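Colleague: So that you have it, the file is my_file-v3.cif, and it contains mmCIF, C-alpha atoms (C1' of nucleotides):
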data_start
#
loop_
_atom_site.label_atom_id
_atom_site.label_comp_id
_atom_site.auth_asym_id
_atom_site.auth_seq_id
_atom_site.Cartn_x
_atom_site.Cartn_y
_atom_site.Cartn_z
CA MET A 1 10.37 -13.11 -8.74
CA PRO A 2 10.83 -15.28 -11.77
CA GLU A 3 11.26 -13.13 -14.82
CA LEU A 4 11.97 -14.61 -18.21
CA PRO A 5 15.67 -15.25 -17.47
CA GLU A 6 14.78 -17.28 -14.38
CA VAL A 7 12.25 -19.28 -16.36
CA GLU A 8 14.83 -19.93 -19.07
CA THR A 9 17.33 -20.98 -16.41
CA THR A 10 14.72 -23.25 -14.88
CA LEU A 11 14.11 -24.85 -18.27
CA ARG A 12 17.82 -25.51 -18.72
CA GLY A 13 18.04 -26.78 -15.18
CA ILE A 14 15.29 -29.36 -15.40
CA GLU A 15 15.54 -30.45 -19.03
CA PRO A 16 18.59 -32.74 -18.74
CA HIS A 17 17.05 -34.48 -15.73
CA ILE A 18 13.60 -35.26 -17.11
CA ASN A 19 13.83 -35.38 -20.88
CA GLY A 20 13.11 -38.85 -22.21
CA LYS A 21 12.02 -40.12 -18.80
CA THR A 22 8.68 -41.67 -17.91
CA ILE A 23 6.44 -40.42 -15.11
CA THR A 24 5.46 -43.10 -12.61
CA ALA A 25 3.65 -40.89 -10.08
CA THR A 26 2.39 -37.35 -9.60
CA VAL A 27 1.75 -36.17 -6.06
CA VAL A 28 -0.52 -33.15 -5.65
CA ARG A 29 -0.45 -31.76 -2.10
CA GLN A 30 -2.02 -28.42 -2.91
CA ALA A 31 -4.27 -28.12 -5.96
CA LYS A 32 -5.28 -24.52 -5.31
CA LEU A 33 -2.89 -22.54 -7.47
CA ARG A 34 -3.61 -19.68 -9.90
CA TRP A 35 -6.01 -22.15 -11.49
CA PRO A 36 -6.89 -25.51 -9.94
CA VAL A 37 -4.51 -28.32 -10.77
CA PRO A 38 -6.58 -30.78 -12.87
CA PRO A 39 -8.01 -33.37 -10.44
CA ASP A 40 -7.04 -36.24 -12.71
CA LEU A 41 -3.52 -34.98 -13.47
CA ALA A 42 -1.82 -37.95 -11.81
CA ASP A 43 -3.79 -40.41 -13.94
CA THR A 44 -3.23 -38.36 -17.06
CA LEU A 45 0.53 -38.26 -16.60
CA ALA A 46 1.07 -41.84 -15.41
CA GLY A 47 3.22 -43.72 -17.88
CA GLY A 48 3.79 -40.63 -20.00
CA LYS A 49 7.23 -40.01 -21.45
CA VAL A 50 8.72 -36.52 -21.68
CA LEU A 51 9.35 -35.86 -25.35
CA SER A 52 10.64 -32.30 -25.02
CA CYS A 53 10.93 -29.32 -22.71
CA GLN A 54 10.43 -25.81 -24.01
CA ARG A 55 9.70 -22.29 -22.90
CA ARG A 56 7.13 -19.92 -24.41
CA ALA A 57 6.96 -16.53 -22.73
CA LYS A 58 7.16 -17.43 -19.05
CA TYR A 59 5.40 -20.73 -19.54
CA LEU A 60 7.32 -23.99 -19.32
CA LEU A 61 5.94 -26.51 -21.80
CA ILE A 62 6.63 -30.18 -21.20
CA ARG A 63 5.52 -32.20 -24.16
CA PHE A 64 4.14 -35.73 -23.96
CA ALA A 65 2.78 -37.88 -26.78
CA HIS A 66 -0.77 -37.32 -25.57
CA GLY A 67 -0.61 -33.68 -24.52
CA LEU A 68 1.18 -30.78 -22.93
CA LEU A 69 2.06 -30.08 -19.31
CA ILE A 70 2.05 -26.31 -18.80
CA ILE A 71 3.86 -24.87 -15.80
CA HIS A 72 3.96 -21.20 -14.82
CA LEU A 73 6.09 -20.11 -11.86
CA GLY A 74 3.97 -17.08 -11.06
CA MET A 75 5.99 -14.78 -8.88
CA SER A 76 7.33 -17.11 -6.22
CA GLY A 77 7.38 -20.49 -7.91
CA SER A 78 10.40 -22.70 -8.49
CA LEU A 79 11.25 -26.19 -9.66
CA ARG A 80 13.93 -28.39 -8.16
CA ILE A 81 15.28 -31.77 -9.04
CA PHE A 82 16.05 -34.51 -6.51
CA THR A 83 17.92 -37.61 -7.50
CA ALA A 84 16.76 -41.00 -6.25
CA ASP A 85 19.52 -41.24 -3.66
CA ASP A 86 18.61 -37.91 -2.01
CA ARG A 87 16.42 -38.69 0.98
CA ARG A 88 14.88 -35.23 0.75
CA ALA A 89 12.98 -36.47 -2.25
CA ALA A 90 10.68 -38.18 0.24
CA LEU A 91 10.56 -35.22 2.61
CA PRO A 92 8.52 -32.40 1.13
CA GLU A 93 8.57 -29.09 2.96
CA LYS A 94 6.14 -26.25 3.28
CA HIS A 95 4.80 -24.96 -0.05
CA ASP A 96 6.10 -28.01 -1.96
CA HIS A 97 2.80 -28.37 -3.82
CA LEU A 98 3.53 -31.00 -6.45
CA ASP A 99 6.00 -33.82 -7.12
CA PHE A 100 6.56 -35.41 -10.49
CA VAL A 101 8.23 -38.77 -9.93
CA PHE A 102 10.08 -40.47 -12.78
CA HIS A 103 10.88 -44.13 -13.39
CA ASP A 104 14.49 -43.77 -12.25
CA GLY A 105 13.46 -42.17 -8.96
CA THR A 106 14.13 -38.60 -10.05
CA VAL A 107 11.70 -36.15 -8.49
CA MET A 108 10.82 -32.77 -9.97
CA ARG A 109 9.28 -30.67 -7.21
CA PHE A 110 7.10 -27.57 -7.68
CA HIS A 111 7.41 -25.08 -4.82
CA ASP A 112 5.38 -21.88 -4.69
CA PRO A 113 4.68 -19.95 -1.46
CA ARG A 114 2.34 -17.38 -2.99
CA ARG A 115 0.60 -19.83 -5.31
CA PHE A 116 0.40 -17.46 -8.24
CA GLY A 117 1.86 -20.23 -10.35
CA ALA A 118 -0.02 -22.80 -12.39
CA VAL A 119 0.22 -26.43 -13.41
CA LEU A 120 -2.13 -27.29 -16.28
CA TRP A 121 -2.70 -30.04 -18.78
CA PHE A 122 -3.70 -29.49 -22.40
CA ALA A 123 -4.42 -32.33 -24.82
CA GLY A 124 -3.64 -30.37 -27.93
CA ALA A 125 -1.10 -28.26 -29.74
CA ALA A 126 0.42 -25.41 -27.73
CA GLU A 127 -0.60 -22.79 -30.26
CA HIS A 128 -4.26 -23.66 -29.64
CA HIS A 129 -4.19 -23.19 -25.91
CA PRO A 130 -6.04 -20.03 -24.87
CA LEU A 131 -3.14 -18.90 -22.68
CA LEU A 132 -0.61 -19.34 -25.46
CA ALA A 133 -2.55 -18.56 -28.62
CA ARG A 134 -2.30 -14.77 -28.55
CA LEU A 135 1.22 -14.29 -27.29
CA GLY A 136 3.46 -11.83 -29.09
CA PRO A 137 7.01 -12.54 -30.26
CA GLU A 138 9.76 -13.91 -28.06
CA PRO A 139 12.05 -11.01 -27.09
CA LEU A 140 15.22 -12.90 -28.00
CA GLU A 141 14.05 -14.04 -31.41
CA ALA A 142 14.30 -12.23 -34.72
CA GLY A 143 10.54 -11.63 -34.84
CA PHE A 144 11.01 -9.02 -32.15
CA ASN A 145 12.69 -6.10 -33.87
CA ALA A 146 12.41 -2.33 -34.28
CA ASP A 147 9.95 -2.48 -37.17
CA ASP A 148 7.71 -4.95 -35.36
CA LEU A 149 7.73 -2.89 -32.17
CA TYR A 150 7.16 0.38 -34.00
CA GLN A 151 4.23 -1.09 -35.92
CA LYS A 152 2.58 -2.07 -32.66
CA LEU A 153 3.40 1.05 -30.65
CA HIS A 154 2.60 3.76 -33.15
CA THR A 155 -1.15 3.26 -32.74
CA GLN A 156 -1.17 3.02 -28.95
CA LYS A 157 -1.91 5.87 -26.58
CA ARG A 158 -0.89 4.21 -23.34
CA ALA A 159 2.45 4.64 -21.59
CA VAL A 160 5.29 2.82 -23.33
CA LYS A 161 6.08 0.94 -20.14
CA LEU A 162 2.60 -0.59 -20.10
CA ALA A 163 2.95 -1.57 -23.75
CA LEU A 164 6.26 -3.32 -23.07
CA MET A 165 4.65 -5.36 -20.32
CA ASP A 166 1.77 -6.43 -22.57
CA ASN A 167 2.25 -10.01 -23.77
CA ALA A 168 0.62 -9.14 -27.07
CA VAL A 169 3.45 -6.69 -27.83
CA VAL A 170 6.35 -8.82 -26.65
CA VAL A 171 6.37 -11.64 -24.13
CA GLY A 172 8.47 -12.08 -21.05
CA VAL A 173 9.20 -8.43 -20.27
CA GLY A 174 7.99 -7.97 -16.70
CA ASN A 175 8.19 -4.97 -14.45
CA ILE A 176 11.91 -5.30 -13.72
CA TYR A 177 13.09 -5.52 -17.31
CA ALA A 178 10.65 -2.91 -18.56
CA ASN A 179 12.19 -0.47 -16.08
CA GLU A 180 15.74 -1.51 -16.85
CA SER A 181 15.46 -1.49 -20.63
CA LEU A 182 13.73 1.90 -20.67
CA PHE A 183 16.54 3.30 -18.55
CA LEU A 184 19.22 1.84 -20.79
CA ALA A 185 17.44 3.21 -23.85
CA GLY A 186 17.09 6.65 -22.26
CA ILE A 187 13.32 6.64 -22.69
CA SER A 188 10.91 7.84 -20.03
CA PRO A 189 8.43 5.18 -18.92
CA PHE A 190 5.70 7.84 -19.11
CA ARG A 191 6.17 8.45 -22.82
CA VAL A 192 3.06 7.67 -24.81
CA ALA A 193 3.74 4.58 -26.90
CA ASN A 194 2.89 6.27 -30.19
CA SER A 195 5.49 8.99 -29.58
CA LEU A 196 8.44 6.63 -30.03
CA SER A 197 10.47 6.93 -33.21
CA VAL A 198 11.75 3.93 -35.13
CA ALA A 199 15.22 4.77 -33.82
CA GLU A 200 13.96 4.72 -30.25
CA CYS A 201 12.21 1.40 -30.87
CA ASN A 202 15.47 0.12 -32.24
CA ALA A 203 17.34 1.15 -29.09
CA LEU A 204 14.65 -0.30 -26.88
CA VAL A 205 14.67 -3.64 -28.70
CA ALA A 206 18.46 -3.82 -28.53
CA HIS A 207 18.54 -3.12 -24.80
CA ILE A 208 15.72 -5.55 -24.03
CA LYS A 209 17.66 -8.28 -25.81
CA THR A 210 21.00 -7.56 -24.17
CA VAL A 211 19.64 -7.11 -20.66
CA LEU A 212 17.73 -10.40 -20.89
CA GLN A 213 20.68 -12.23 -22.42
CA ARG A 214 23.00 -10.96 -19.72
CA ALA A 215 20.63 -12.17 -17.02
CA ILE A 216 20.31 -15.59 -18.65
CA ALA A 217 24.10 -15.84 -18.80
CA ALA A 218 24.25 -15.01 -15.09
CA GLY A 219 21.69 -17.74 -14.44
CA GLY A 220 23.91 -20.30 -16.13
CA SER A 221 26.22 -20.27 -13.14
CA THR A 222 23.36 -21.43 -10.91
CA LEU A 223 22.34 -24.45 -12.97
CA ARG A 224 23.87 -26.93 -10.57
CA ASP A 225 21.56 -25.55 -7.86
CA PHE A 226 18.66 -27.36 -9.48
CA VAL A 227 19.81 -30.74 -8.24
CA ASN A 228 19.74 -31.69 -4.59
CA SER A 229 20.21 -28.11 -3.52
CA ASP A 230 19.28 -26.39 -0.30
CA GLY A 231 18.50 -22.97 -1.66
CA LYS A 232 16.03 -21.62 -4.10
CA SER A 233 16.78 -22.95 -7.52
CA GLY A 234 16.81 -20.78 -10.57
CA TYR A 235 17.00 -17.53 -8.69
CA PHE A 236 20.09 -15.45 -8.91
CA GLN A 237 21.17 -12.05 -7.77
CA GLN A 238 21.02 -9.47 -10.49
CA GLN A 239 22.42 -5.99 -10.49
CA TYR A 240 19.78 -3.53 -11.53
CA ALA A 241 20.49 0.02 -12.67
CA VAL A 242 17.24 1.60 -11.48
CA TYR A 243 14.83 -1.12 -10.37
CA GLY A 244 14.22 -0.83 -6.63
CA ARG A 245 16.74 1.99 -6.35
CA GLN A 246 14.59 5.05 -5.74
CA GLY A 247 16.54 7.71 -3.89
CA GLU A 248 19.89 6.24 -4.95
CA ALA A 249 22.28 7.77 -7.45
CA CYS A 250 21.63 7.26 -11.14
CA PRO A 251 24.55 5.16 -12.45
CA GLN A 252 24.73 7.42 -15.49
CA CYS A 253 24.40 11.00 -14.25
CA GLY A 254 24.57 10.68 -10.47
CA GLY A 255 21.17 12.31 -9.98
CA LEU A 256 18.46 10.67 -7.94
CA VAL A 257 16.49 7.70 -9.21
CA CYS A 258 12.74 8.38 -8.92
CA LYS A 259 9.81 6.08 -8.29
CA SER A 260 6.28 6.52 -9.56
CA VAL A 261 3.34 4.23 -10.11
CA ILE A 262 2.26 3.44 -13.67
CA GLY A 263 -0.65 1.09 -14.14
CA GLY A 264 -0.42 0.15 -10.49
CA ARG A 265 3.18 -1.01 -10.79
CA GLY A 266 6.27 0.55 -9.33
CA SER A 267 8.24 2.40 -11.98
CA PHE A 268 11.84 3.42 -11.48
CA TYR A 269 13.62 5.92 -13.69
CA CYS A 270 16.08 8.76 -13.92
CA PRO A 271 14.21 11.94 -14.84
CA VAL A 272 17.40 13.41 -16.32
CA CYS A 273 18.64 10.50 -18.44
CA GLN A 274 15.21 9.33 -19.57
CA GLN A 275 13.25 11.73 -21.76
"C1'" DC B 1 -11.79 -2.00 -28.82
"C1'" DT B 2 -9.60 0.63 -24.88
"C1'" DG B 3 -8.53 1.65 -20.34
"C1'" DT B 4 -9.02 0.63 -15.50
"C1'" DT B 5 -9.67 -2.13 -11.45
"C1'" DC B 6 -9.91 -6.43 -9.20
"C1'" DT B 7 -8.16 -10.87 -7.88
"C1'" DC B 8 -5.36 -14.70 -6.39
"C1'" DC B 9 -1.56 -15.41 -1.98
"C1'" DT B 10 2.01 -15.04 1.61
"C1'" DG B 11 6.63 -13.27 2.91
"C1'" DT B 12 8.73 -9.06 3.81
"C1'" DG B 13 9.62 -4.71 5.72
"C1'" DG B 14 8.38 -0.35 7.72
"C1'" DG B 15 6.33 1.91 11.62
"C1'" DC B 16 5.78 2.06 16.35
"C1'" DT C 1 11.81 -7.57 20.38
"C1'" DG C 2 7.30 -8.12 18.82
"C1'" DC C 3 3.09 -6.89 16.62
"C1'" DC C 4 0.29 -5.11 12.87
"C1'" DC C 5 -0.57 -3.96 8.41
"C1'" DA C 6 0.32 -2.24 3.85
"C1'" DC C 7 2.53 -3.76 0.02
"C1'" DA C 8 4.49 -6.28 -3.90
"C1'" DG C 9 3.69 -8.65 -8.11
"C1'" DG C 10 2.09 -11.81 -13.39
"C1'" DA C 11 -1.47 -11.68 -15.86
"C1'" DG C 12 -6.16 -13.14 -16.66
"C1'" DA C 13 -10.92 -11.65 -15.66
"C1'" DA C 14 -14.34 -8.48 -15.01
"C1'" DC C 15 -16.05 -4.17 -15.65
"C1'" DA C 16 -16.83 0.64 -17.32
#
Mind turning this structure into structure tokens?
Modeller:
Amino acid sequence: MPELPEVETTLRGIEPHINGKTITATVVRQAKLRWPVPPDLADTLAGGKVLSCQRRAKYLLIRFAHGLLIIHLGMSGSLRIFTADDRRAALPEKHDHLDFVFHDGTVMRFHDPRRFGAVLWFAGAAEHHPLLARLGPEPLEAGFNADDLYQKLHTQKRAVKLALMDNAVVVGVGNIYANESLFLAGISPFRVANSLSVAECNALVAHIKTVLQRAIAAGGSTLRDFVNSDGKSGYFQQQYAVYGRQGEACPQCGGLVCKSVIGGRGSFYCPVCQQ
DNA sequence: CTGTTCTCCTGTGGGC
DNA sequence: TGCCCACAGGAGAACA
């Protein structure tokens, strides 16, 4: 499932192929996504030139002079690029819900089997969009630090894992990286958020940053897969310490990795190493 | 305001 | 080998 590193890799994969180009057609085969694709999206985008491509949380933001194209990959979404000379550009397959066609024949294709993703248009500044307005700091930027995290957590009674997955606390930390960073920091996912010390927040912040950065670096090797590829673009195999490894040996102490459910989500941890 | 539950959807995997 | 069904999961919405 696309976590923040996959979204960042997707951004880097598509940006060089669409930036500065003009959209000549938008084909919507399936408008029923997380929210309906705007019925007039094709008209809205026609003739529009891509001014920039950015990422905010797990949202991809493609800026035009007259508004913003917002793309979310949900949990099974992906984007791929086809060059004009690739005949597959004209041969969409199952779950290929949208095509963005550019003046040079480049096609950016949105594929999403589970349709938890979204493609939206907003004629305004990103910071005013309801989905983007209340997002917390980016995990890889300086605004996300031990003091910031401690300030937010020390008033909260919920489990620290739930707090980490809350976009108001920090964006882009999904179930996988919440589990992994808590393991690396030696903190139990059950700990009440307000029980964390500044030092523990510091460790947690550091591990969140390094684990995300490492995954983004791993994604860099898959960038070529965005163009004319057969496989799923932007997805890459990651080695996880505890995620999905219940019953296996803890990489630190050799004990058994446990699984519980917190807030309805699978939580993986080592009961010895994480206190 | 806080905490919990529901919802969208389909591929996957376990059980038999 | 095939069938059936529970399950996973991001994150907003609805509800208590």
Colleague: For the provided coordinates, the residues matched by the PyMOL selection byres ((chain A) within 10 of (chain B)) should be stated as a PyMOL selection string.
Modeller: chain A and resi 32-35+76+112-117+156-158+263-264
Colleague: Based on the selection just made, write C-alpha atoms of those residues as a PDB file, in the frame of the given file.
Modeller:
ATOM      1  CA  LYS A  32      -5.280 -24.520  -5.310  1.00  0.00           C
ATOM      2  CA  LEU A  33      -2.890 -22.540  -7.470  1.00  0.00           C
ATOM      3  CA  ARG A  34      -3.610 -19.680  -9.900  1.00  0.00           C
ATOM      4  CA  TRP A  35      -6.010 -22.150 -11.490  1.00  0.00           C
ATOM      5  CA  SER A  76       7.330 -17.110  -6.220  1.00  0.00           C
ATOM      6  CA  ASP A 112       5.380 -21.880  -4.690  1.00  0.00           C
ATOM      7  CA  PRO A 113       4.680 -19.950  -1.460  1.00  0.00           C
ATOM      8  CA  ARG A 114       2.340 -17.380  -2.990  1.00  0.00           C
ATOM      9  CA  ARG A 115       0.600 -19.830  -5.310  1.00  0.00           C
ATOM     10  CA  PHE A 116       0.400 -17.460  -8.240  1.00  0.00           C
ATOM     11  CA  GLY A 117       1.860 -20.230 -10.350  1.00  0.00           C
ATOM     12  CA  GLN A 156      -1.170   3.020 -28.950  1.00  0.00           C
ATOM     13  CA  LYS A 157      -1.910   5.870 -26.580  1.00  0.00           C
ATOM     14  CA  ARG A 158      -0.890   4.210 -23.340  1.00  0.00           C
ATOM     15  CA  GLY A 263      -0.650   1.090 -14.140  1.00  0.00           C
ATOM     16  CA  GLY A 264      -0.420   0.150 -10.490  1.00  0.00           C
TER      17      GLY A 264
END
Colleague: Applied to this file, what does the PyMOL selection byres ((chain A) within 9 of (chain C)) return in terms of residues, put as JSON, numbers by chain?
Modeller: {"A": [1, 74, 75, 116, 117, 131, 167, 174, 175, 265, 266]}
Colleague: Using only C-alpha atoms, find the one residue out of A:Cys250, A:Ala203, A:Leu61, A:Val50 that sits nearest to A:Glu127.
Modeller: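 Comparing A:Cys250, A:Ala203, A:Leu61, A:Val50 against A:Glu127, the winner is A:Leu61.
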Colleague: Compile the contact shell of A:Gln239 as a ChimeraX atom specification: residues with an atom at most 12 Å away, counting all atoms listed in the file, same-chain residues fewer than 4 positions apart removed.
Modeller: /A:176-177,180,211,214-215,218,243-245,251
Colleague: Figure out the distance between atom CA of A:Glu3 and atom CA of A:Ile216, please, to one decimal in Å.
Modeller: 10.1 Å
Colleague: Report the residues retrieved by the PyMOL selection byres ((chain A and resi 12) around 10) from the displayed file, expressed as a PDB file with C-alpha atoms, in the coordinates of the input.
Modeller:
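Everything below was put into out-v9.pdb:
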ATOM      1  CA  GLU A   6      14.780 -17.280 -14.380  1.00  0.00           C
ATOM      2  CA  VAL A   7      12.250 -19.280 -16.360  1.00  0.00           C
ATOM      3  CA  GLU A   8      14.830 -19.930 -19.070  1.00  0.00           C
ATOM      4  CA  THR A   9      17.330 -20.980 -16.410  1.00  0.00           C
ATOM      5  CA  THR A  10      14.720 -23.250 -14.880  1.00  0.00           C
ATOM      6  CA  LEU A  11      14.110 -24.850 -18.270  1.00  0.00           C
ATOM      7  CA  GLY A  13      18.040 -26.780 -15.180  1.00  0.00           C
ATOM      8  CA  ILE A  14      15.290 -29.360 -15.400  1.00  0.00           C
ATOM      9  CA  GLU A  15      15.540 -30.450 -19.030  1.00  0.00           C
ATOM     10  CA  PRO A  16      18.590 -32.740 -18.740  1.00  0.00           C
ATOM     11  CA  HIS A  17      17.050 -34.480 -15.730  1.00  0.00           C
ATOM     12  CA  CYS A  53      10.930 -29.320 -22.710  1.00  0.00           C
ATOM     13  CA  GLN A  54      10.430 -25.810 -24.010  1.00  0.00           C
ATOM     14  CA  ARG A  55       9.700 -22.290 -22.900  1.00  0.00           C
ATOM     15  CA  GLY A 219      21.690 -17.740 -14.440  1.00  0.00           C
ATOM     16  CA  GLY A 220      23.910 -20.300 -16.130  1.00  0.00           C
ATOM     17  CA  LEU A 223      22.340 -24.450 -12.970  1.00  0.00           C
ATOM     18  CA  PHE A 226      18.660 -27.360  -9.480  1.00  0.00           C
ATOM     19  CA  GLY A 234      16.810 -20.780 -10.570  1.00  0.00           C
TER      20      GLY A 234
END
Colleague: Measure the distance from atom CA of A:Lys49 to atom CA of A:Gly20 in Å and round it to one decimal.
Modeller: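 These two atoms are separated by 6.0 Å.
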Colleague: Using atom CA of A:Val170 and atom CA of A:Gly77 as the two end points, give the distance in Å to one decimal.
Modeller: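 Spanning atom CA of A:Val170 to atom CA of A:Gly77 is a straight-line distance of 22.1 Å.
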Colleague: Residues around (20.0, 16.5, -17.7), cut-off 9 Å, counting all atoms listed in the file - what are they as a PDB file with C-alpha atoms, in the coordinates of the input?
Modeller:
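This is the output file part_38.pdb:
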ATOM      1  CA  CYS A 253      24.400  11.000 -14.250  1.00  0.00           C
ATOM      2  CA  GLY A 255      21.170  12.310  -9.980  1.00  0.00           C
ATOM      3  CA  PRO A 271      14.210  11.940 -14.840  1.00  0.00           C
ATOM      4  CA  VAL A 272      17.400  13.410 -16.320  1.00  0.00           C
ATOM      5  CA  CYS A 273      18.640  10.500 -18.440  1.00  0.00           C
ATOM      6  CA  GLN A 274      15.210   9.330 -19.570  1.00  0.00           C
TER       7      GLN A 274
END
Colleague: What's the 12 Å shell around A:Asp40, counting all atoms listed in the file, without same-chain residues fewer than 2 positions away, as a list in words?
Modeller: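 Listing them by chain and then by number gives Ala25, Thr26, Val27, Val28, Ala31, Pro36, Val37, Pro38, Ala42, Asp43, Thr44, Leu45, Ala46, Leu120 and Trp121 of chain A.
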Colleague: Since the input is missing atoms for stretch 249-267 of chain A, could you rebuild it with N, CA and C atoms and give the result as a short mmCIF file (atom, residue, chain, number, x, y, z; two decimals), keeping the file's coordinate frame?
Modeller:
data_model
loop_
_atom_site.label_atom_id
_atom_site.label_comp_id
_atom_site.auth_asym_id
_atom_site.auth_seq_id
_atom_site.Cartn_x
_atom_site.Cartn_y
_atom_site.Cartn_z
N ALA A 249 21.70 7.02 -6.34
CA ALA A 249 22.28 7.77 -7.45
C ALA A 249 22.10 7.05 -8.77
N CYS A 250 21.70 7.81 -9.78
CA CYS A 250 21.63 7.26 -11.14
C CYS A 250 23.03 6.85 -11.57
N PRO A 251 23.21 5.62 -12.07
CA PRO A 251 24.55 5.16 -12.45
C PRO A 251 25.13 5.93 -13.63
N GLN A 252 24.25 6.70 -14.31
CA GLN A 252 24.73 7.42 -15.49
C GLN A 252 25.09 8.88 -15.15
N CYS A 253 24.19 9.57 -14.48
CA CYS A 253 24.40 11.00 -14.25
C CYS A 253 24.61 11.35 -12.78
N GLY A 254 24.37 10.40 -11.88
CA GLY A 254 24.57 10.68 -10.47
C GLY A 254 23.39 11.34 -9.78
N GLY A 255 22.39 11.73 -10.57
CA GLY A 255 21.17 12.31 -9.98
C GLY A 255 20.39 11.24 -9.25
N LEU A 256 19.24 11.61 -8.72
CA LEU A 256 18.46 10.67 -7.94
C LEU A 256 17.49 9.87 -8.80
N VAL A 257 17.47 8.57 -8.56
CA VAL A 257 16.49 7.70 -9.21
C VAL A 257 15.13 7.94 -8.57
N CYS A 258 14.10 8.11 -9.40
CA CYS A 258 12.74 8.38 -8.92
C CYS A 258 11.88 7.14 -9.00
N LYS A 259 10.81 7.15 -8.21
CA LYS A 259 9.81 6.08 -8.29
C LYS A 259 8.42 6.68 -8.44
N SER A 260 7.68 6.15 -9.40
CA SER A 260 6.28 6.52 -9.56
C SER A 260 5.49 5.24 -9.78
N VAL A 261 4.19 5.38 -9.83
CA VAL A 261 3.34 4.23 -10.11
C VAL A 261 2.69 4.40 -11.48
N ILE A 262 2.90 3.43 -12.35
CA ILE A 262 2.26 3.44 -13.67
C ILE A 262 1.47 2.15 -13.80
N GLY A 263 0.17 2.29 -14.02
CA GLY A 263 -0.65 1.09 -14.14
C GLY A 263 -0.59 0.23 -12.89
N GLY A 264 -0.43 0.89 -11.75
CA GLY A 264 -0.42 0.15 -10.49
C GLY A 264 0.89 -0.54 -10.17
N ARG A 265 1.90 -0.34 -11.02
CA ARG A 265 3.18 -1.01 -10.79
C ARG A 265 4.29 0.01 -10.53
N GLY A 266 5.17 -0.32 -9.63
CA GLY A 266 6.27 0.55 -9.33
C GLY A 266 7.13 0.79 -10.57
N SER A 267 7.44 2.06 -10.81
CA SER A 267 8.24 2.40 -11.98
C SER A 267 9.44 3.23 -11.53
#
